[in-house]
>>> print(open('my_file_26.cif').read())   # mmCIF, C-alpha atoms
data_data
#
loop_
_atom_site.group_PDB
_atom_site.id
_atom_site.type_symbol
_atom_site.label_atom_id
_atom_site.label_comp_id
_atom_site.auth_asym_id
_atom_site.auth_seq_id
_atom_site.Cartn_x
_atom_site.Cartn_y
_atom_site.Cartn_z
ATOM 1 C CA MET A 20 34.486 3.324 7.197
ATOM 2 C CA ALA A 21 30.998 3.541 8.701
ATOM 3 C CA ASN A 22 30.571 2.637 12.351
ATOM 4 C CA LYS A 23 29.281 -0.889 12.843
ATOM 5 C CA ILE A 24 25.565 -1.110 13.635
ATOM 6 C CA ASN A 25 24.992 -3.402 16.613
ATOM 7 C CA THR A 26 21.252 -3.021 17.209
ATOM 8 C CA ILE A 27 18.441 -2.166 14.806
ATOM 9 C CA GLY A 28 14.744 -1.584 15.278
ATOM 10 C CA VAL A 29 11.861 -2.400 12.962
ATOM 11 C CA LEU A 30 8.355 -0.962 12.914
ATOM 12 C CA THR A 31 5.291 -0.886 10.687
ATOM 13 C CA SER A 32 3.422 2.383 10.319
ATOM 14 C CA GLY A 33 0.271 3.685 8.655
ATOM 15 C CA GLY A 34 -2.166 1.324 6.958
ATOM 16 C CA ASP A 35 -1.449 -2.391 7.211
ATOM 17 C CA ALA A 36 -0.636 -4.344 4.047
ATOM 18 C CA PRO A 37 -0.339 -8.075 3.292
ATOM 19 C CA GLY A 38 3.356 -8.925 3.120
ATOM 20 C CA MET A 39 4.450 -6.698 5.994
ATOM 21 C CA ASN A 40 5.076 -9.811 8.094
ATOM 22 C CA ALA A 41 7.331 -11.219 5.385
ATOM 23 C CA ALA A 42 9.353 -7.989 5.474
ATOM 24 C CA ILE A 43 9.583 -8.052 9.285
ATOM 25 C CA ARG A 44 10.722 -11.690 9.170
ATOM 26 C CA ALA A 45 13.429 -10.860 6.638
ATOM 27 C CA VAL A 46 14.660 -7.845 8.605
ATOM 28 C CA VAL A 47 14.978 -9.898 11.787
ATOM 29 C CA ARG A 48 16.645 -12.951 10.302
ATOM 30 C CA ILE A 49 19.031 -11.124 7.972
ATOM 31 C CA ALA A 50 20.069 -8.797 10.803
ATOM 32 C CA LEU A 51 20.685 -11.758 13.111
ATOM 33 C CA SER A 52 22.791 -13.417 10.422
ATOM 34 C CA LYS A 53 24.977 -10.292 10.403
ATOM 35 C CA GLY A 54 25.457 -10.395 14.164
ATOM 36 C CA MET A 55 23.029 -7.593 14.961
ATOM 37 C CA LYS A 56 20.434 -7.484 17.708
ATOM 38 C CA VAL A 57 16.863 -6.628 16.707
ATOM 39 C CA LYS A 58 14.217 -4.675 18.583
ATOM 40 C CA GLY A 59 10.605 -4.833 17.454
ATOM 41 C CA ILE A 60 8.670 -1.604 17.937
ATOM 42 C CA GLN A 61 4.951 -2.182 18.327
ATOM 43 C CA ARG A 62 2.236 0.139 17.001
ATOM 44 C CA GLY A 63 4.499 2.225 14.786
ATOM 45 C CA TYR A 64 5.736 5.624 15.868
ATOM 46 C CA SER A 65 3.059 5.731 18.559
ATOM 47 C CA GLY A 66 4.564 2.635 20.125
ATOM 48 C CA LEU A 67 8.063 4.080 19.790
ATOM 49 C CA LEU A 68 7.025 7.184 21.714
ATOM 50 C CA ASN A 69 5.421 4.936 24.365
ATOM 51 C CA GLU A 70 8.493 2.671 24.455
ATOM 52 C CA GLU A 71 6.583 -0.422 23.365
ATOM 53 C CA ILE A 72 9.816 -2.132 22.369
ATOM 54 C CA ILE A 73 10.496 -5.871 22.449
ATOM 55 C CA ASP A 74 13.508 -8.075 21.726
ATOM 56 C CA MET A 75 13.143 -10.218 18.622
ATOM 57 C CA ASP A 76 14.867 -13.448 17.617
ATOM 58 C CA ALA A 77 14.487 -15.991 14.820
ATOM 59 C CA ILE A 78 11.696 -17.828 16.649
ATOM 60 C CA SER A 79 9.678 -14.638 17.177
ATOM 61 C CA VAL A 80 9.153 -14.413 13.404
ATOM 62 C CA ALA A 81 8.494 -18.098 12.789
ATOM 63 C CA ASP A 82 5.222 -19.027 11.069
ATOM 64 C CA ILE A 83 4.285 -15.463 10.101
ATOM 65 C CA ILE A 84 5.183 -15.193 6.414
ATOM 66 C CA GLN A 85 1.746 -16.447 5.341
ATOM 67 C CA ARG A 86 -0.206 -14.185 7.689
ATOM 68 C CA GLY A 87 -1.822 -10.922 6.641
ATOM 69 C CA GLY A 88 -1.556 -7.731 8.644
ATOM 70 C CA THR A 89 1.454 -7.063 10.848
ATOM 71 C CA ILE A 90 2.515 -8.866 14.028
ATOM 72 C CA LEU A 91 4.006 -5.588 15.259
ATOM 73 C CA TYR A 92 0.638 -3.840 14.863
ATOM 74 C CA THR A 93 0.367 -0.362 13.388
ATOM 75 C CA ALA A 94 -1.077 3.022 14.221
ATOM 76 C CA ARG A 95 -1.200 6.647 13.129
ATOM 77 C CA CYS A 96 0.748 9.129 15.240
ATOM 78 C CA GLU A 97 0.112 12.860 15.132
ATOM 79 C CA GLU A 98 2.764 13.542 17.778
ATOM 80 C CA MET A 99 5.440 12.278 15.389
ATOM 81 C CA ARG A 100 4.605 15.176 13.075
ATOM 82 C CA THR A 101 5.898 17.666 15.656
ATOM 83 C CA PRO A 102 9.557 18.570 16.303
ATOM 84 C CA GLU A 103 9.058 17.666 19.966
ATOM 85 C CA GLY A 104 7.724 14.225 19.073
ATOM 86 C CA GLN A 105 10.526 13.611 16.602
ATOM 87 C CA LYS A 106 13.217 14.506 19.145
ATOM 88 C CA LYS A 107 11.552 12.322 21.761
ATOM 89 C CA ALA A 108 11.491 9.397 19.305
ATOM 90 C CA ALA A 109 15.188 9.832 18.504
ATOM 91 C CA ASP A 110 16.061 10.028 22.208
ATOM 92 C CA ILE A 111 14.111 6.825 22.904
ATOM 93 C CA CYS A 112 15.942 5.037 20.093
ATOM 94 C CA LYS A 113 19.265 6.079 21.631
ATOM 95 C CA LYS A 114 18.080 5.079 25.105
ATOM 96 C CA HIS A 115 17.356 1.543 23.854
ATOM 97 C CA GLY A 116 20.565 1.327 21.859
ATOM 98 C CA ILE A 117 18.770 1.392 18.502
ATOM 99 C CA GLU A 118 21.334 2.714 16.037
ATOM 100 C CA GLY A 119 19.415 1.825 12.859
ATOM 101 C CA LEU A 120 15.707 1.684 12.136
ATOM 102 C CA VAL A 121 13.720 -0.014 9.369
ATOM 103 C CA VAL A 122 10.380 1.721 8.772
ATOM 104 C CA ILE A 123 7.835 -0.257 6.757
ATOM 105 C CA GLY A 124 5.030 1.994 5.523
ATOM 106 C CA GLY A 125 4.066 4.734 3.093
ATOM 107 C CA ASP A 126 4.982 8.349 2.367
ATOM 108 C CA GLY A 127 3.826 9.596 5.770
ATOM 109 C CA SER A 128 5.932 6.975 7.523
ATOM 110 C CA PHE A 129 8.954 7.969 5.427
ATOM 111 C CA GLN A 130 8.583 11.581 6.521
ATOM 112 C CA GLY A 131 9.031 10.409 10.111
ATOM 113 C CA ALA A 132 12.035 8.306 9.086
ATOM 114 C CA GLN A 133 13.538 11.342 7.372
ATOM 115 C CA LYS A 134 13.255 13.390 10.565
ATOM 116 C CA LEU A 135 14.869 10.626 12.637
ATOM 117 C CA ALA A 136 17.744 10.397 10.153
ATOM 118 C CA HIS A 137 18.397 14.105 10.612
ATOM 119 C CA LEU A 138 18.478 13.502 14.386
ATOM 120 C CA GLY A 139 21.194 10.865 14.180
ATOM 121 C CA ILE A 140 19.272 7.598 13.777
ATOM 122 C CA ASN A 141 20.176 5.629 10.661
ATOM 123 C CA THR A 142 16.829 5.005 8.965
ATOM 124 C CA ILE A 143 15.759 2.961 5.961
ATOM 125 C CA GLY A 144 12.215 3.036 4.548
ATOM 126 C CA VAL A 145 10.538 0.017 2.976
ATOM 127 C CA PRO A 146 7.415 0.781 0.879
ATOM 128 C CA GLY A 147 4.431 -0.977 2.430
ATOM 129 C CA THR A 148 1.040 0.165 1.142
ATOM 130 C CA ILE A 149 -1.689 -1.437 -0.944
ATOM 131 C CA ASP A 150 -2.197 1.859 -2.796
ATOM 132 C CA LEU A 151 0.952 1.629 -5.008
ATOM 133 C CA ASP A 152 1.224 5.398 -4.657
ATOM 134 C CA ILE A 153 4.918 5.777 -3.787
ATOM 135 C CA ALA A 154 6.509 7.418 -6.797
ATOM 136 C CA CYS A 155 10.036 6.010 -6.550
ATOM 137 C CA THR A 156 9.006 2.366 -6.818
ATOM 138 C CA ASP A 157 7.135 0.166 -9.283
ATOM 139 C CA TYR A 158 6.024 -2.123 -6.453
ATOM 140 C CA THR A 159 4.760 -1.618 -2.919
ATOM 141 C CA ILE A 160 4.184 -4.371 -0.376
ATOM 142 C CA GLY A 161 0.538 -5.441 -0.323
ATOM 143 C CA PHE A 162 -0.640 -4.142 -3.700
ATOM 144 C CA ASP A 163 -0.544 -7.524 -5.411
ATOM 145 C CA THR A 164 -2.597 -9.210 -2.691
ATOM 146 C CA ALA A 165 -5.068 -6.333 -2.449
ATOM 147 C CA VAL A 166 -5.701 -6.172 -6.178
ATOM 148 C CA ASN A 167 -6.176 -9.948 -6.375
ATOM 149 C CA THR A 168 -8.584 -9.877 -3.427
ATOM 150 C CA ALA A 169 -10.585 -7.108 -5.102
ATOM 151 C CA MET A 170 -10.522 -8.889 -8.466
ATOM 152 C CA GLU A 171 -11.976 -12.083 -6.977
ATOM 153 C CA ALA A 172 -14.713 -10.121 -5.188
ATOM 154 C CA ILE A 173 -15.623 -8.230 -8.361
ATOM 155 C CA ASP A 174 -15.853 -11.498 -10.310
ATOM 156 C CA LYS A 175 -18.485 -12.651 -7.823
ATOM 157 C CA ILE A 176 -20.382 -9.372 -8.044
ATOM 158 C CA ARG A 177 -20.376 -9.635 -11.844
ATOM 159 C CA ASP A 178 -22.070 -13.053 -11.595
ATOM 160 C CA THR A 179 -25.044 -11.658 -9.705
ATOM 161 C CA SER A 180 -25.029 -8.431 -11.728
ATOM 162 C CA THR A 181 -25.339 -10.502 -14.888
ATOM 163 C CA SER A 182 -28.114 -12.676 -13.448
ATOM 164 C CA HIS A 183 -30.189 -9.627 -12.534
ATOM 165 C CA GLU A 184 -29.250 -7.602 -15.636
ATOM 166 C CA ARG A 185 -28.198 -4.715 -13.468
ATOM 167 C CA CYS A 186 -25.465 -2.114 -13.234
ATOM 168 C CA SER A 187 -22.968 -2.442 -10.387
ATOM 169 C CA VAL A 188 -20.863 0.436 -9.077
ATOM 170 C CA ILE A 189 -17.969 -1.167 -7.174
ATOM 171 C CA GLU A 190 -15.721 1.022 -5.040
ATOM 172 C CA VAL A 191 -12.168 -0.143 -4.398
ATOM 173 C CA MET A 192 -9.529 1.272 -2.056
ATOM 174 C CA GLY A 193 -6.486 3.340 -2.975
ATOM 175 C CA ARG A 194 -6.963 6.669 -1.172
ATOM 176 C CA SER A 195 -6.248 9.360 -3.768
ATOM 177 C CA ALA A 196 -4.576 6.941 -6.192
ATOM 178 C CA GLY A 197 -6.343 4.902 -8.879
ATOM 179 C CA TYR A 198 -3.965 1.978 -9.378
ATOM 180 C CA ILE A 199 -6.167 -0.677 -7.740
ATOM 181 C CA ALA A 200 -9.151 0.608 -9.721
ATOM 182 C CA LEU A 201 -7.235 0.573 -13.006
ATOM 183 C CA TRP A 202 -5.865 -2.929 -12.544
ATOM 184 C CA CYS A 203 -9.229 -4.308 -11.429
ATOM 185 C CA GLY A 204 -10.964 -2.530 -14.282
ATOM 186 C CA ILE A 205 -8.706 -4.261 -16.800
ATOM 187 C CA ALA A 206 -8.640 -7.638 -15.015
ATOM 188 C CA ASN A 207 -12.401 -7.751 -14.434
ATOM 189 C CA GLY A 208 -13.406 -6.439 -17.845
ATOM 190 C CA ALA A 209 -15.234 -3.439 -16.421
ATOM 191 C CA GLU A 210 -17.207 -1.254 -18.800
ATOM 192 C CA ASP A 211 -16.124 1.920 -17.002
ATOM 193 C CA ILE A 212 -13.207 2.764 -14.698
ATOM 194 C CA LEU A 213 -13.269 5.979 -12.661
ATOM 195 C CA LEU A 214 -9.826 7.177 -11.551
ATOM 196 C CA PRO A 215 -9.046 10.232 -9.382
ATOM 197 C CA GLU A 216 -6.183 11.101 -11.726
ATOM 198 C CA ARG A 217 -8.533 11.307 -14.741
ATOM 199 C CA TRP A 218 -12.044 11.927 -13.362
ATOM 200 C CA ASN A 219 -13.497 15.325 -14.213
ATOM 201 C CA GLY A 220 -16.953 14.772 -12.755
ATOM 202 C CA GLU A 221 -18.715 14.112 -16.071
ATOM 203 C CA GLU A 222 -21.425 11.824 -14.719
ATOM 204 C CA ASP A 223 -23.602 12.490 -17.756
ATOM 205 C CA LYS A 224 -20.900 11.092 -20.031
ATOM 206 C CA LEU A 225 -20.772 7.937 -17.891
ATOM 207 C CA ILE A 226 -24.553 7.589 -17.962
ATOM 208 C CA ASN A 227 -24.646 8.023 -21.748
ATOM 209 C CA HIS A 228 -22.067 5.256 -22.094
ATOM 210 C CA ILE A 229 -24.222 2.948 -19.986
ATOM 211 C CA LYS A 230 -27.225 3.749 -22.188
ATOM 212 C CA GLU A 231 -25.168 3.119 -25.343
ATOM 213 C CA THR A 232 -23.897 -0.279 -24.223
ATOM 214 C CA HIS A 233 -27.394 -1.262 -23.080
ATOM 215 C CA ALA A 234 -28.808 -0.262 -26.490
ATOM 216 C CA LYS A 235 -26.212 -2.501 -28.153
ATOM 217 C CA GLY A 236 -27.538 -5.476 -26.206
ATOM 218 C CA LYS A 237 -25.342 -5.434 -23.113
ATOM 219 C CA LYS A 238 -27.465 -6.749 -20.246
ATOM 220 C CA HIS A 239 -25.259 -5.652 -17.354
ATOM 221 C CA HIS A 240 -22.643 -2.977 -16.652
ATOM 222 C CA ILE A 241 -19.698 -2.850 -14.247
ATOM 223 C CA VAL A 242 -18.323 0.498 -13.048
ATOM 224 C CA ILE A 243 -15.126 0.378 -10.990
ATOM 225 C CA ASN A 244 -14.966 3.477 -8.823
ATOM 226 C CA ALA A 245 -11.799 4.493 -6.974
ATOM 227 C CA GLU A 246 -11.960 5.459 -3.311
ATOM 228 C CA GLY A 247 -10.500 8.857 -4.178
ATOM 229 C CA ILE A 248 -13.720 9.663 -6.060
ATOM 230 C CA GLY A 249 -16.135 7.936 -3.680
ATOM 231 C CA ASN A 250 -19.873 8.774 -3.454
ATOM 232 C CA SER A 251 -20.647 5.371 -4.955
ATOM 233 C CA GLN A 252 -24.148 5.123 -3.512
ATOM 234 C CA ALA A 253 -25.152 8.547 -4.818
ATOM 235 C CA LEU A 254 -23.708 7.656 -8.217
ATOM 236 C CA ALA A 255 -25.629 4.366 -8.296
ATOM 237 C CA THR A 256 -28.856 6.182 -7.422
ATOM 238 C CA LYS A 257 -28.337 8.667 -10.237
ATOM 239 C CA ILE A 258 -27.493 5.941 -12.773
ATOM 240 C CA GLU A 259 -30.670 4.037 -11.935
ATOM 241 C CA LYS A 260 -32.785 7.190 -12.159
ATOM 242 C CA GLU A 261 -31.293 8.303 -15.483
ATOM 243 C CA THR A 262 -31.067 4.916 -17.224
ATOM 244 C CA GLY A 263 -33.905 2.934 -15.707
ATOM 245 C CA MET A 264 -31.403 0.138 -15.135
ATOM 246 C CA GLU A 265 -31.424 -1.429 -11.674
ATOM 247 C CA THR A 266 -28.149 -0.320 -10.051
ATOM 248 C CA ARG A 267 -26.370 -1.374 -6.893
ATOM 249 C CA ALA A 268 -23.341 0.103 -5.140
ATOM 250 C CA THR A 269 -20.814 -2.126 -3.383
ATOM 251 C CA ILE A 270 -17.935 -0.740 -1.328
ATOM 252 C CA LEU A 271 -15.332 -3.473 -0.926
ATOM 253 C CA GLY A 272 -13.585 -1.639 1.901
ATOM 254 C CA HIS A 273 -11.026 -3.101 4.271
ATOM 255 C CA LEU A 274 -11.291 -6.709 3.108
ATOM 256 C CA GLN A 275 -8.719 -5.599 0.512
ATOM 257 C CA ARG A 276 -6.172 -4.914 3.257
ATOM 258 C CA GLY A 277 -6.343 -8.358 4.828
ATOM 259 C CA GLY A 278 -5.740 -11.938 3.833
ATOM 260 C CA SER A 279 -2.752 -14.168 3.240
ATOM 261 C CA PRO A 280 -0.218 -12.429 0.967
ATOM 262 C CA THR A 281 0.391 -13.691 -2.549
ATOM 263 C CA CYS A 282 3.672 -15.309 -3.532
ATOM 264 C CA LYS A 283 4.791 -12.023 -5.110
ATOM 265 C CA ASP A 284 4.117 -10.034 -1.948
ATOM 266 C CA ARG A 285 5.942 -12.616 0.185
ATOM 267 C CA VAL A 286 9.015 -12.756 -2.033
ATOM 268 C CA TYR A 287 9.326 -9.055 -2.875
ATOM 269 C CA ALA A 288 8.701 -8.029 0.750
ATOM 270 C CA SER A 289 11.342 -10.498 1.935
ATOM 271 C CA LEU A 290 13.929 -9.168 -0.511
ATOM 272 C CA MET A 291 13.120 -5.545 0.340
ATOM 273 C CA GLY A 292 13.474 -6.275 4.059
ATOM 274 C CA ALA A 293 16.815 -7.947 3.450
ATOM 275 C CA TYR A 294 17.979 -5.036 1.267
ATOM 276 C CA ALA A 295 17.099 -2.579 4.051
ATOM 277 C CA VAL A 296 19.301 -4.444 6.517
ATOM 278 C CA ASP A 297 22.124 -4.571 3.961
ATOM 279 C CA LEU A 298 21.960 -0.783 3.684
ATOM 280 C CA LEU A 299 22.110 -0.343 7.459
ATOM 281 C CA ALA A 300 25.039 -2.741 7.660
ATOM 282 C CA LYS A 301 26.906 -0.461 5.223
ATOM 283 C CA GLY A 302 26.168 2.573 7.378
ATOM 284 C CA GLU A 303 23.578 4.040 5.035
ATOM 285 C CA SER A 304 20.768 6.256 6.329
ATOM 286 C CA ASN A 305 17.838 8.326 5.074
ATOM 287 C CA ARG A 306 17.200 5.872 2.224
ATOM 288 C CA VAL A 307 14.097 4.230 0.745
ATOM 289 C CA VAL A 308 14.221 0.749 -0.764
ATOM 290 C CA ALA A 309 12.513 0.549 -4.158
ATOM 291 C CA TYR A 310 11.868 -1.847 -7.012
ATOM 292 C CA ALA A 311 12.415 -0.065 -10.315
ATOM 293 C CA ASN A 312 13.049 -1.350 -13.832
ATOM 294 C CA GLY A 313 13.305 -4.925 -12.599
ATOM 295 C CA LYS A 314 15.895 -4.260 -9.882
ATOM 296 C CA TYR A 315 15.983 -3.524 -6.156
ATOM 297 C CA VAL A 316 17.468 -0.071 -5.673
ATOM 298 C CA ASP A 317 17.423 2.740 -3.114
ATOM 299 C CA TYR A 318 16.895 6.485 -3.085
ATOM 300 C CA GLU A 319 17.428 9.317 -0.653
ATOM 301 C CA ILE A 320 14.174 9.775 1.259
ATOM 302 C CA ASP A 321 14.206 13.462 0.314
ATOM 303 C CA GLU A 322 14.457 12.548 -3.372
ATOM 304 C CA ALA A 323 11.794 9.835 -3.075
ATOM 305 C CA LEU A 324 9.296 12.151 -1.369
ATOM 306 C CA ALA A 325 9.817 14.803 -4.044
ATOM 307 C CA MET A 326 8.913 12.430 -6.880
ATOM 308 C CA LYS A 327 5.458 12.538 -8.464
ATOM 309 C CA LYS A 328 3.521 9.561 -9.792
ATOM 310 C CA ASP A 329 0.744 9.418 -12.337
ATOM 311 C CA ILE A 330 -1.362 6.731 -13.968
ATOM 312 C CA ASP A 331 0.433 5.064 -16.867
ATOM 313 C CA GLU A 332 -1.151 6.627 -19.952
ATOM 314 C CA TYR A 333 -0.739 3.502 -22.091
ATOM 315 C CA GLN A 334 -2.465 1.299 -19.500
ATOM 316 C CA TYR A 335 -5.290 3.809 -19.185
ATOM 317 C CA ASP A 336 -5.702 4.083 -22.960
ATOM 318 C CA VAL A 337 -5.799 0.296 -23.343
ATOM 319 C CA SER A 338 -8.398 0.018 -20.568
ATOM 320 C CA LYS A 339 -10.731 2.365 -22.449
ATOM 321 C CA HIS A 340 -10.455 0.398 -25.694
ATOM 322 C CA LEU A 341 -10.999 -2.938 -23.915
ATOM 323 C CA ALA A 342 -14.191 -1.600 -22.301
ATOM 324 C CA ARG A 343 -15.997 -1.063 -25.602
#
>>> encode(input="my_file_26.cif", output="structure tokens")
Amino acid sequence: MANKINTIGVLTSGGDAPGMNAAIRAVVRIALSKGMKVKGIQRGYSGLLNEEIIDMDAISVADIIQRGGTILYTARCEEMRTPEGQKKAADICKKHGIEGLVVIGGDGSFQGAQKLAHLGINTIGVPGTIDLDIACTDYTIGFDTAVNTAMEAIDKIRDTSTSHERCSVIEVMGRSAGYIALWCGIANGAEDILLPERWNGEEDKLINHIKETHAKGKKHHIVINAEGIGNSQALATKIEKETGMETRATILGHLQRGGSPTCKDRVYASLMGAYAVDLLAKGESNRVVAYANGKYVDYEIDEALAMKKDIDEYQYDVSKHLAR
């Protein structure tokens, strides 16, 4: 039988994502219901190394489920990439009596959790990133809110693009992944969607498509460009020069990372946070919580990090046919 966990810690790491607060709230309250104590670690691994550790109770997570961002704050931490930093982090956990740790973040955060697990700290990862780029899971905390925020912004840009009969190149976030771009492209009825996973740099092909749709009577044109491709302003300049069509570039940027989380992000994040605590209560370690095939499941962090993810070919094919 696994040794009983008395005290757990929770931190958020990497980029913030709407729904992280719902996950924190669930971790704290489910752990308390199981008789555990909870320590909140501020500013991710950086805060752990600086011992920015606070006691948390049910009241400390009241009135946060509807708030974007993370009440524990977040930060990047290069020191945690080193063996010395990893050992220091594990020693600090032991110093504060933290026997289990819930890490809410992306692949980089899970790598830190993996190292801590190997150093004797029971760790569970919860996927929190708007990019939807974690291969083991069909859902990541924050994606639903981010894609809805982007969709609403693009709808507004389309209104003015239509009024001025212009082309709009709209850049959405996602780092090297194109999931936000693909979903927005379908949801917003974009004429072209540029994804890092499929883009081969054929700007002339894009420009010819714009000319073709304009010749058919289309008065405006929406191009959704993924962050992983970038160079939206240069692309807009080239489109205008080659087509004669007034073209504007809009980079939506960090507004996609903020805002009150959607119902889906609140519920899924809450259930994932609860699942993480359940795993710790059973003595599990070095696991990642995932949502796959309609169920909440978990994988070894090593296995999860080794998985590869690509754009769904059917979704991509449908998006091209809808854009005609």
>>> resolve_selection(input="my_file_26.cif", expression="the PyMOL selection byres ((chain A and resi 120-125) around 6)", output="PyMOL selection string")
chain A and resi 27-33+119+126-128+142-148
>>> resolve_selection(input="my_file_26.cif", expression="the PyMOL selection byres ((chain A and resi 243-257) around 7)", output="PyMOL selection string")
chain A and resi 188-197+200+204+209+211-215+241-242+258-261+266-268
>>> closest_residue(input="my_file_26.cif", among="A:Arg62, A:Arg95, A:Phe162, A:Ala108", to="Pro280 of chain A", atoms="all atoms listed in the file")
A:Phe162
>>> resolve_selection(input="my_file_26.cif", expression="the PyMOL selection byres ((chain A and resi 149-159) around 9)", output="PyMOL selection string")
chain A and resi 34-37+125-126+145-148+160-166+192-199+275-276+284+287-288+307-313+316-318+322-329
>>> residues_around(input="my_file_26.cif", residues="Thr179 of chain A", least_positions_apart="6", cutoff="12 Å", atoms="only C-alpha atoms", output="VMD selection string")
chain A and resid 172 to 173 185 to 187 238 to 241 266 to 267
>>> residues_around(input="my_file_26.cif", residues="Lys58 of chain A", least_positions_apart="6", cutoff="10 Å", atoms="all atoms listed in the file", output="list in words")
Thr26, Ile27, Gly28, Val29, Leu30, Val47, Glu71, Ile72, Ile73, Asp74, Met75, Asp76, Cys112, His115, Gly116, Ile117 and Leu120 of chain A
>>> residues_near_point(input="my_file_26.cif", point="(20.6, -3.9, 14.9)", cutoff="6 Å", atoms="all atoms listed in the file", output="list in words")
Ile24, Asn25, Thr26, Ile27, Met55, Lys56 and Val57 of chain A
>>> closest_residue(input="my_file_26.cif", among="A:Ile49, A:Ala342, A:Ala109, A:Cys96", to="His228 of chain A", atoms="all atoms listed in the file")
A:Ala342
